[in-house]
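Structure, as structure tokens:
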Amino acid sequence: MELYDELVARGLIAQVTNEEEIKEMINNGKATFYIGFDPTADSLHVGHFMALCLMKRLQMAGNKPIALVGGGTGMIGDPSGRSDMRQMMTVETINHNVECFKKQMSKFIDFSEGKALLVNNADWLMQLNYIDVLREVGSHFSVNRMLTAECYKQRMEKGLSFLEFNYMIMQSYDFYMLFQKYGCNMQFGGDDQWSNMLGGTELIRRKLGKDAHAMTITLLLNSEGKKMGKTQSGAVWLDPEKTTPYEFYQYWRNVGDADVLKCIRMLTFLPLEEINEMDAWEGSKLNEAKEILAFELTKLVHGEEEASKAKDASKTLFGGGNGMENIPTVAIAPENLTEDGIELLSAMVLAEMVSSKSEARRAVEQGGVSVDGEKVTDIKMIISNEKLSAGVLIKKGKKIFKKITR
């Protein structure tokens with residue numbers, strides 16, 4: 001199976017502008033393509049996972065990835081897929097986030113010897129002046145046509161600022177500059193970016209002629225991936241300091257039955273033949289599929305050793321295995337301890353299992369907390385210093401575990 005057909009079979013391709021030409025370029029390693037990343041935090045999260053895996057697949061087939069970070073567009077925010085306006089960031093914050101991104105992207109993409117590029121659109125957007133934008137770019141866009149874009153329709157109800165209205169022009173200009181500077185002939189993005197991407201393809205053709213080759217592809221998972229990035233307890237980051245390898249593993253281990261095979265197909269590098277055999281799996285076999293998904297993705301982000309540790313820890317918590325030492329551990333600082341030890345509610349807050357004591361109290365009162373396997377009903381329970389020295393396992397609900405020590 002050739003690469004384009006494999007991407008389709010994995011459920012990654014939603015729309016294209018010229019399928020036959022795109023197929024020929026991708027299959028023969030002729031694509032220099034870009035995917036954009038907004039530097040809104042100092043770590044990528046699982047919502048970016050699909051894009052990173054796709055870039056890796058395409059690079060393995062000889063195509064050249066360009067990771068475009070929006071240092072310039074990040075200064076104004078992106079209304080796509082949002083009903084509110086994103087807060088603006090300082091240049092210093094954006095630059096710091098860009099450096100963090102490259103380090104994490106390097107686990108997926110080979111940047112050596114010009115095999116891939118990391119580019120910041122601040123390099124050209126920050127140099128533009130208002131008259132240049134109006135004359136050279138804005139004259140190619142129809143306001144009536146822009147207002148038909150879904151991202152703007154959503155914002156029109158609450159109020160669309162002129163600042164946000166320019167985002168499509170900025171993103172389109174990105175593709176034009178990448179085409180000019182780096183020979184970028186293809187762009188990938190989520191289905192919520194389709195209008196912006198078509199704007200970039202059209203801008204290239206209007207400024208350089210109809211024969212200019214610029215391709216557009218949207219991906220099925222991107223908007224779903226943004227939903228993936230967050231759980232009830234917050235975002236799931238690729239940075240191990242923000243989300244431990246164990247927590248990352250558990251996130252994927254706990255995906256819904258209906259999503260597990262879709263995630264395996266889209267995000268792992270397992271052969272399709274092997275994945276197709278899993279289509280008939282049900283019941284306890286789906287739990288095995290979840291373990292496969294969790295291990296493969298944790299290995300990809302954190303390495304095989306950390307993935308194995310996380311797998312052992314998970315088995316310990318859910319029966320069998322001896323990976324207790326790999327469970328996320330929080331050491332309680334001496335200043336937070338009394339002669340008797342520490343209140344359970346306080347320990348849960350310090351371990352970041354809850355955001356407040358009141359949330360911890362509710363969890364106990366609802367019967368959702370256990371200590372070393374015993375359900376707790378006393379909201380005033382004290383964990384002794386002696387027990388802390390040996391390590392105490394606190395469980396909240398079915399999925400949140402922390403080992404507490406002193």
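The chains in the structure tokens are called A, B, ... from first to last as shown; in each chain the residues are counted from 1, and the ligands are counted from 1 in the order shown.
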
- [ ] Would you please give, as a PyMOL selection string, all residues of stretch 164-304 of chain A that DSSP assigns to strand (DSSP E) based on the backbone?
- [x] chain A and resi 186-190+215-219+230-231+234-235

Item to complete: Find the residues near stretch 385-387 of chain A: any atom within 6 Å, counting only C-alpha atoms, skip ones fewer than 2 places away on the same chain, and give them as a list in words.
Response: Gly341, Ser389 and Ala390 of chain A

Would you mind exporting the chosen residues as a PDB file, in the first residue's frame, restricted to N, CA and C atoms?
ATOM      1  N   GLY A 341       1.269  13.807  61.495  1.00  0.00           N
ATOM      2  CA  GLY A 341       1.324  13.478  60.079  1.00  0.00           C
ATOM      3  C   GLY A 341       0.677  14.565  59.240  1.00  0.00           C
ATOM      4  N   SER A 389       6.352   7.336  55.721  1.00  0.00           N
ATOM      5  CA  SER A 389       7.731   6.859  55.516  1.00  0.00           C
ATOM      6  C   SER A 389       7.758   5.630  54.627  1.00  0.00           C
ATOM      7  N   ALA A 390       6.728   4.794  54.735  1.00  0.00           N
ATOM      8  CA  ALA A 390       6.656   3.577  53.918  1.00  0.00           C
ATOM      9  C   ALA A 390       6.037   3.851  52.547  1.00  0.00           C
TER      10      ALA A 390
END

* **Residues near stretch 364-380 of chain A, cut-off 9 Å, only C-alpha atoms, skip fewer than 2 positions along chain, as a list in words** =>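 Close residues of stretch 364-380 of chain A: Glu343, Leu344, Leu345, Glu359, Ala360, Arg361, Arg362, Ile382, Val392, Leu393, Ile394, Lys395, Lys396, Gly397 and Lys398 of chain A.
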
Writing out the chosen residues with C-alpha atoms as a PDB file, in the first residue's frame:
ATOM      1  CA  GLU A 343      -4.672  15.392  56.868  1.00  0.00           C
ATOM      2  CA  LEU A 344      -5.801  13.303  53.919  1.00  0.00           C
ATOM      3  CA  LEU A 345      -7.551  16.303  52.348  1.00  0.00           C
ATOM      4  CA  GLU A 359     -13.158  19.207  46.217  1.00  0.00           C
ATOM      5  CA  ALA A 360     -11.248  16.602  48.241  1.00  0.00           C
ATOM      6  CA  ARG A 361     -13.971  16.635  50.904  1.00  0.00           C
ATOM      7  CA  ARG A 362     -16.676  16.037  48.305  1.00  0.00           C
ATOM      8  CA  ILE A 382      -4.833  11.764  59.367  1.00  0.00           C
ATOM      9  CA  VAL A 392       0.827   5.599  51.021  1.00  0.00           C
ATOM     10  CA  LEU A 393      -1.221   4.992  47.874  1.00  0.00           C
ATOM     11  CA  ILE A 394      -4.177   7.365  47.504  1.00  0.00           C
ATOM     12  CA  LYS A 395      -6.775   6.658  44.852  1.00  0.00           C
ATOM     13  CA  LYS A 396      -9.426   9.137  43.677  1.00  0.00           C
ATOM     14  CA  GLY A 397     -12.099   7.717  41.434  1.00  0.00           C
ATOM     15  CA  LYS A 398     -11.071   5.011  39.008  1.00  0.00           C
TER      16      LYS A 398
END

* Asked: Which residue, A:Lys30, A:Lys309, A:His48, A:Lys399, has the smallest gap to A:Leu267 when you use only C-alpha atoms?
  ->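 Closest candidate: A:His48.
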
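Residues surrounding A:Glu288 within 12 Å are A:Trp252, A:Arg253, A:Asn254, A:Asp257, A:Val260, A:Leu261, A:Ile264, A:Met278, A:Trp281, A:Glu282, A:Gly283, A:Ser284, A:Lys285, A:Leu286, A:Lys290, A:Glu291, A:Ile292, A:Leu293, A:Ala294, A:Phe295, A:Lys311, A:Lys315 [only C-alpha atoms; sequence separation below 2 positions excluded].
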
What is the atom CA of A:Gln193-atom CA of A:Thr218 distance in Å, reported with one decimal?
->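 Those two atoms sit 7.6 Å apart.
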
Between A:Asn95, A:Ser112, A:Thr268, A:Asp191, which is the closest to A:Leu52 once you count only C-alpha atoms?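 With only C-alpha atoms as the atom set, the closest residue is A:Thr268.
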
I'd like the neighbourhood of A:Phe269 as a list in words, where a residue qualifies if any of its atoms comes within 12 Å (using only C-alpha atoms), though same-chain residues fewer than 6 positions away should be ignored.
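Once the nearby chain positions are removed, what remains is Glu6, Leu7, Arg10, Met50, Cys53, Leu54, Lys56, Arg57, Met60, Phe108, Cys263, Ile275, Ile292, Leu293, Phe295, Glu296, Leu297, Lys299 and Leu300 of chain A.
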
Export of the given selection (C-alpha atoms) as a PDB file, in the first residue's frame:
ATOM      1  CA  GLU A   6      -2.347   4.299   3.926  1.00  0.00           C
ATOM      2  CA  LEU A   7      -3.193   7.790   5.244  1.00  0.00           C
ATOM      3  CA  ARG A  10      -5.900   5.226   8.751  1.00  0.00           C
ATOM      4  CA  MET A  50      -1.857  13.575  15.245  1.00  0.00           C
ATOM      5  CA  CYS A  53       2.734  11.556  13.910  1.00  0.00           C
ATOM      6  CA  LEU A  54       1.670  12.590  10.416  1.00  0.00           C
ATOM      7  CA  LYS A  56       6.893  11.630  11.014  1.00  0.00           C
ATOM      8  CA  ARG A  57       5.095   9.327   8.543  1.00  0.00           C
ATOM      9  CA  MET A  60       9.903   8.593   6.640  1.00  0.00           C
ATOM     10  CA  PHE A 108       9.172  12.882  16.121  1.00  0.00           C
ATOM     11  CA  CYS A 263      -6.640   6.047  17.895  1.00  0.00           C
ATOM     12  CA  ILE A 275      -4.662  -3.271  13.437  1.00  0.00           C
ATOM     13  CA  ILE A 292      -1.229  -1.519  23.236  1.00  0.00           C
ATOM     14  CA  LEU A 293      -2.269   2.054  22.406  1.00  0.00           C
ATOM     15  CA  PHE A 295       2.358   1.617  25.442  1.00  0.00           C
ATOM     16  CA  GLU A 296       3.015   2.558  21.803  1.00  0.00           C
ATOM     17  CA  LEU A 297       2.284   6.264  22.310  1.00  0.00           C
ATOM     18  CA  LYS A 299       7.134   4.839  23.951  1.00  0.00           C
ATOM     19  CA  LEU A 300       6.979   7.336  21.104  1.00  0.00           C
TER      20      LEU A 300
END

Shortest contact to A:Thr17, candidates A:Met156, A:Tyr130, A:Met215, A:Phe111, atoms counted only C-alpha atoms, goes to A:Met215

- Task: Fewer than 4 positions away in the same chain doesn't count, so skip those; otherwise give me all residues within 9 Å of A:Thr298, counting only C-alpha atoms, as a list of chain:residue names.
- Result: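 Returned residues: A:Pro245, A:Tyr246, A:Phe248, A:Tyr249, A:Trp252, A:Leu293, A:Ala294, A:His302, A:Gly303, A:Glu304, A:Glu306, A:Ala307, A:Ser308, A:Ala310.
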
Practice item. Quick one: everything within 8 Å of A:Gly199, counting only C-alpha atoms, minus sequence neighbours fewer than 3 positions away in the same chain. Send it as a PyMOL selection string. Key: chain A and resi 141+168-169+172+195-196+202-203

Write a file of the selected residues as a PDB file, in the first residue's frame, keeping N, CA and C atoms.
ATOM      1  N   PHE A 141      -8.367  39.437  -1.248  1.00  0.00           N
ATOM      2  CA  PHE A 141      -9.382  38.769  -0.431  1.00  0.00           C
ATOM      3  C   PHE A 141     -10.724  39.475  -0.533  1.00  0.00           C
ATOM      4  N   MET A 168      -7.135  35.174   8.847  1.00  0.00           N
ATOM      5  CA  MET A 168      -7.113  34.419   7.604  1.00  0.00           C
ATOM      6  C   MET A 168      -6.077  34.983   6.639  1.00  0.00           C
ATOM      7  N   ILE A 169      -5.977  36.309   6.588  1.00  0.00           N
ATOM      8  CA  ILE A 169      -5.000  36.941   5.708  1.00  0.00           C
ATOM      9  C   ILE A 169      -3.593  36.598   6.152  1.00  0.00           C
ATOM     10  N   SER A 172      -2.830  32.909   5.342  1.00  0.00           N
ATOM     11  CA  SER A 172      -2.651  32.763   3.900  1.00  0.00           C
ATOM     12  C   SER A 172      -1.285  33.293   3.469  1.00  0.00           C
ATOM     13  N   SER A 195     -10.969  26.946   5.465  1.00  0.00           N
ATOM     14  CA  SER A 195     -11.131  28.245   4.802  1.00  0.00           C
ATOM     15  C   SER A 195      -9.815  29.015   4.767  1.00  0.00           C
ATOM     16  N   ASN A 196      -9.096  29.027   5.884  1.00  0.00           N
ATOM     17  CA  ASN A 196      -7.809  29.718   5.930  1.00  0.00           C
ATOM     18  C   ASN A 196      -6.812  29.103   4.959  1.00  0.00           C
ATOM     19  N   GLU A 202      -5.143  30.102  -2.759  1.00  0.00           N
ATOM     20  CA  GLU A 202      -5.642  31.097  -3.710  1.00  0.00           C
ATOM     21  C   GLU A 202      -4.700  32.291  -3.816  1.00  0.00           C
ATOM     22  N   LEU A 203      -4.123  32.710  -2.684  1.00  0.00           N
ATOM     23  CA  LEU A 203      -3.202  33.848  -2.702  1.00  0.00           C
ATOM     24  C   LEU A 203      -1.985  33.553  -3.571  1.00  0.00           C
TER      25      LEU A 203
END

- Quick one: DSSP helix (DSSP H, G or I) residues in stretch 261-403 of chain A, as a PyMOL selection string? chain A and resi 261-267+272-280+284-302+304-317+324-326+334-336+344-350+357-365+385-390

For those residues, write C-alpha atoms to a file as a PDB file, in the first residue's frame.
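Generated output (again12.pdb):
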ATOM      1  CA  LEU A 261      -9.101   1.329  17.504  1.00  0.00           C
ATOM      2  CA  LYS A 262      -9.514   4.682  15.791  1.00  0.00           C
ATOM      3  CA  CYS A 263      -6.640   6.047  17.895  1.00  0.00           C
ATOM      4  CA  ILE A 264      -4.464   3.011  17.222  1.00  0.00           C
ATOM      5  CA  ARG A 265      -5.083   3.391  13.497  1.00  0.00           C
ATOM      6  CA  MET A 266      -4.403   7.131  13.397  1.00  0.00           C
ATOM      7  CA  LEU A 267      -1.632   7.559  15.937  1.00  0.00           C
ATOM      8  CA  LEU A 272      -2.522  -1.778   9.265  1.00  0.00           C
ATOM      9  CA  GLU A 273      -2.801  -5.530   8.799  1.00  0.00           C
ATOM     10  CA  GLU A 274      -2.194  -6.027  12.517  1.00  0.00           C
ATOM     11  CA  ILE A 275      -4.662  -3.271  13.437  1.00  0.00           C
ATOM     12  CA  ASN A 276      -7.358  -4.617  11.115  1.00  0.00           C
ATOM     13  CA  GLU A 277      -7.250  -7.920  12.982  1.00  0.00           C
ATOM     14  CA  MET A 278      -8.223  -6.011  16.130  1.00  0.00           C
ATOM     15  CA  ASP A 279     -11.500  -4.837  14.564  1.00  0.00           C
ATOM     16  CA  ALA A 280     -13.183  -8.016  15.784  1.00  0.00           C
ATOM     17  CA  SER A 284     -11.663  -7.835  27.628  1.00  0.00           C
ATOM     18  CA  LYS A 285      -9.774  -7.770  24.318  1.00  0.00           C
ATOM     19  CA  LEU A 286     -10.536  -4.048  24.055  1.00  0.00           C
ATOM     20  CA  ASN A 287      -8.638  -3.553  27.307  1.00  0.00           C
ATOM     21  CA  GLU A 288      -5.685  -5.264  25.674  1.00  0.00           C
ATOM     22  CA  ALA A 289      -6.035  -2.878  22.721  1.00  0.00           C
ATOM     23  CA  LYS A 290      -5.970   0.071  25.132  1.00  0.00           C
ATOM     24  CA  GLU A 291      -2.773  -1.243  26.692  1.00  0.00           C
ATOM     25  CA  ILE A 292      -1.229  -1.519  23.236  1.00  0.00           C
ATOM     26  CA  LEU A 293      -2.269   2.054  22.406  1.00  0.00           C
ATOM     27  CA  ALA A 294      -0.983   3.432  25.709  1.00  0.00           C
ATOM     28  CA  PHE A 295       2.358   1.617  25.442  1.00  0.00           C
ATOM     29  CA  GLU A 296       3.015   2.558  21.803  1.00  0.00           C
ATOM     30  CA  LEU A 297       2.284   6.264  22.310  1.00  0.00           C
ATOM     31  CA  THR A 298       4.154   6.516  25.619  1.00  0.00           C
ATOM     32  CA  LYS A 299       7.134   4.839  23.951  1.00  0.00           C
ATOM     33  CA  LEU A 300       6.979   7.336  21.104  1.00  0.00           C
ATOM     34  CA  VAL A 301       6.982  10.359  23.428  1.00  0.00           C
ATOM     35  CA  HIS A 302       8.981   9.202  26.456  1.00  0.00           C
ATOM     36  CA  GLU A 304      10.556   2.453  25.726  1.00  0.00           C
ATOM     37  CA  GLU A 305      11.987   2.354  29.250  1.00  0.00           C
ATOM     38  CA  GLU A 306       9.483   4.901  30.593  1.00  0.00           C
ATOM     39  CA  ALA A 307       6.664   3.185  28.692  1.00  0.00           C
ATOM     40  CA  SER A 308       7.558  -0.143  30.329  1.00  0.00           C
ATOM     41  CA  LYS A 309       7.663   1.462  33.778  1.00  0.00           C
ATOM     42  CA  ALA A 310       4.265   3.050  33.220  1.00  0.00           C
ATOM     43  CA  LYS A 311       2.837  -0.263  32.031  1.00  0.00           C
ATOM     44  CA  ASP A 312       4.182  -2.067  35.110  1.00  0.00           C
ATOM     45  CA  ALA A 313       2.772   0.612  37.410  1.00  0.00           C
ATOM     46  CA  SER A 314      -0.620   0.359  35.737  1.00  0.00           C
ATOM     47  CA  LYS A 315      -0.681  -3.414  36.154  1.00  0.00           C
ATOM     48  CA  THR A 316       0.212  -3.024  39.828  1.00  0.00           C
ATOM     49  CA  LEU A 317      -2.720  -0.717  40.415  1.00  0.00           C
ATOM     50  CA  MET A 324       4.796   0.121  42.633  1.00  0.00           C
ATOM     51  CA  GLU A 325       8.028   2.097  42.410  1.00  0.00           C
ATOM     52  CA  ASN A 326       6.919   3.522  39.046  1.00  0.00           C
ATOM     53  CA  PRO A 334       8.475  18.771  56.266  1.00  0.00           C
ATOM     54  CA  GLU A 335       6.800  22.154  56.791  1.00  0.00           C
ATOM     55  CA  ASN A 336       3.475  20.610  55.743  1.00  0.00           C
ATOM     56  CA  LEU A 344      -5.801  13.303  53.919  1.00  0.00           C
ATOM     57  CA  LEU A 345      -7.551  16.303  52.348  1.00  0.00           C
ATOM     58  CA  SER A 346      -4.391  18.410  52.541  1.00  0.00           C
ATOM     59  CA  ALA A 347      -2.312  15.573  51.095  1.00  0.00           C
ATOM     60  CA  MET A 348      -4.643  15.306  48.122  1.00  0.00           C
ATOM     61  CA  VAL A 349      -4.307  19.030  47.429  1.00  0.00           C
ATOM     62  CA  LEU A 350      -0.503  18.956  47.714  1.00  0.00           C
ATOM     63  CA  LYS A 357      -9.850  20.938  50.087  1.00  0.00           C
ATOM     64  CA  SER A 358     -13.538  21.334  49.349  1.00  0.00           C
ATOM     65  CA  GLU A 359     -13.158  19.207  46.217  1.00  0.00           C
ATOM     66  CA  ALA A 360     -11.248  16.602  48.241  1.00  0.00           C
ATOM     67  CA  ARG A 361     -13.971  16.635  50.904  1.00  0.00           C
ATOM     68  CA  ARG A 362     -16.676  16.037  48.305  1.00  0.00           C
ATOM     69  CA  ALA A 363     -14.718  13.136  46.817  1.00  0.00           C
ATOM     70  CA  VAL A 364     -14.444  11.469  50.255  1.00  0.00           C
ATOM     71  CA  GLU A 365     -18.098  12.077  51.121  1.00  0.00           C
ATOM     72  CA  ASN A 385       4.289   9.991  59.557  1.00  0.00           C
ATOM     73  CA  GLU A 386       5.066   6.298  60.004  1.00  0.00           C
ATOM     74  CA  LYS A 387       2.817   5.383  57.086  1.00  0.00           C
ATOM     75  CA  LEU A 388       4.227   8.214  55.003  1.00  0.00           C
ATOM     76  CA  SER A 389       7.731   6.859  55.516  1.00  0.00           C
ATOM     77  CA  ALA A 390       6.656   3.577  53.918  1.00  0.00           C
TER      78      ALA A 390
END

With distances taken over only C-alpha atoms, the candidate from A:Arg206, A:His96, A:Gly256, A:Asp42 nearest A:Glu136 is A:Arg206

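Here atom CA of A:Gly71 stands at a distance of 24.4 Å from atom CA of A:Lys207.
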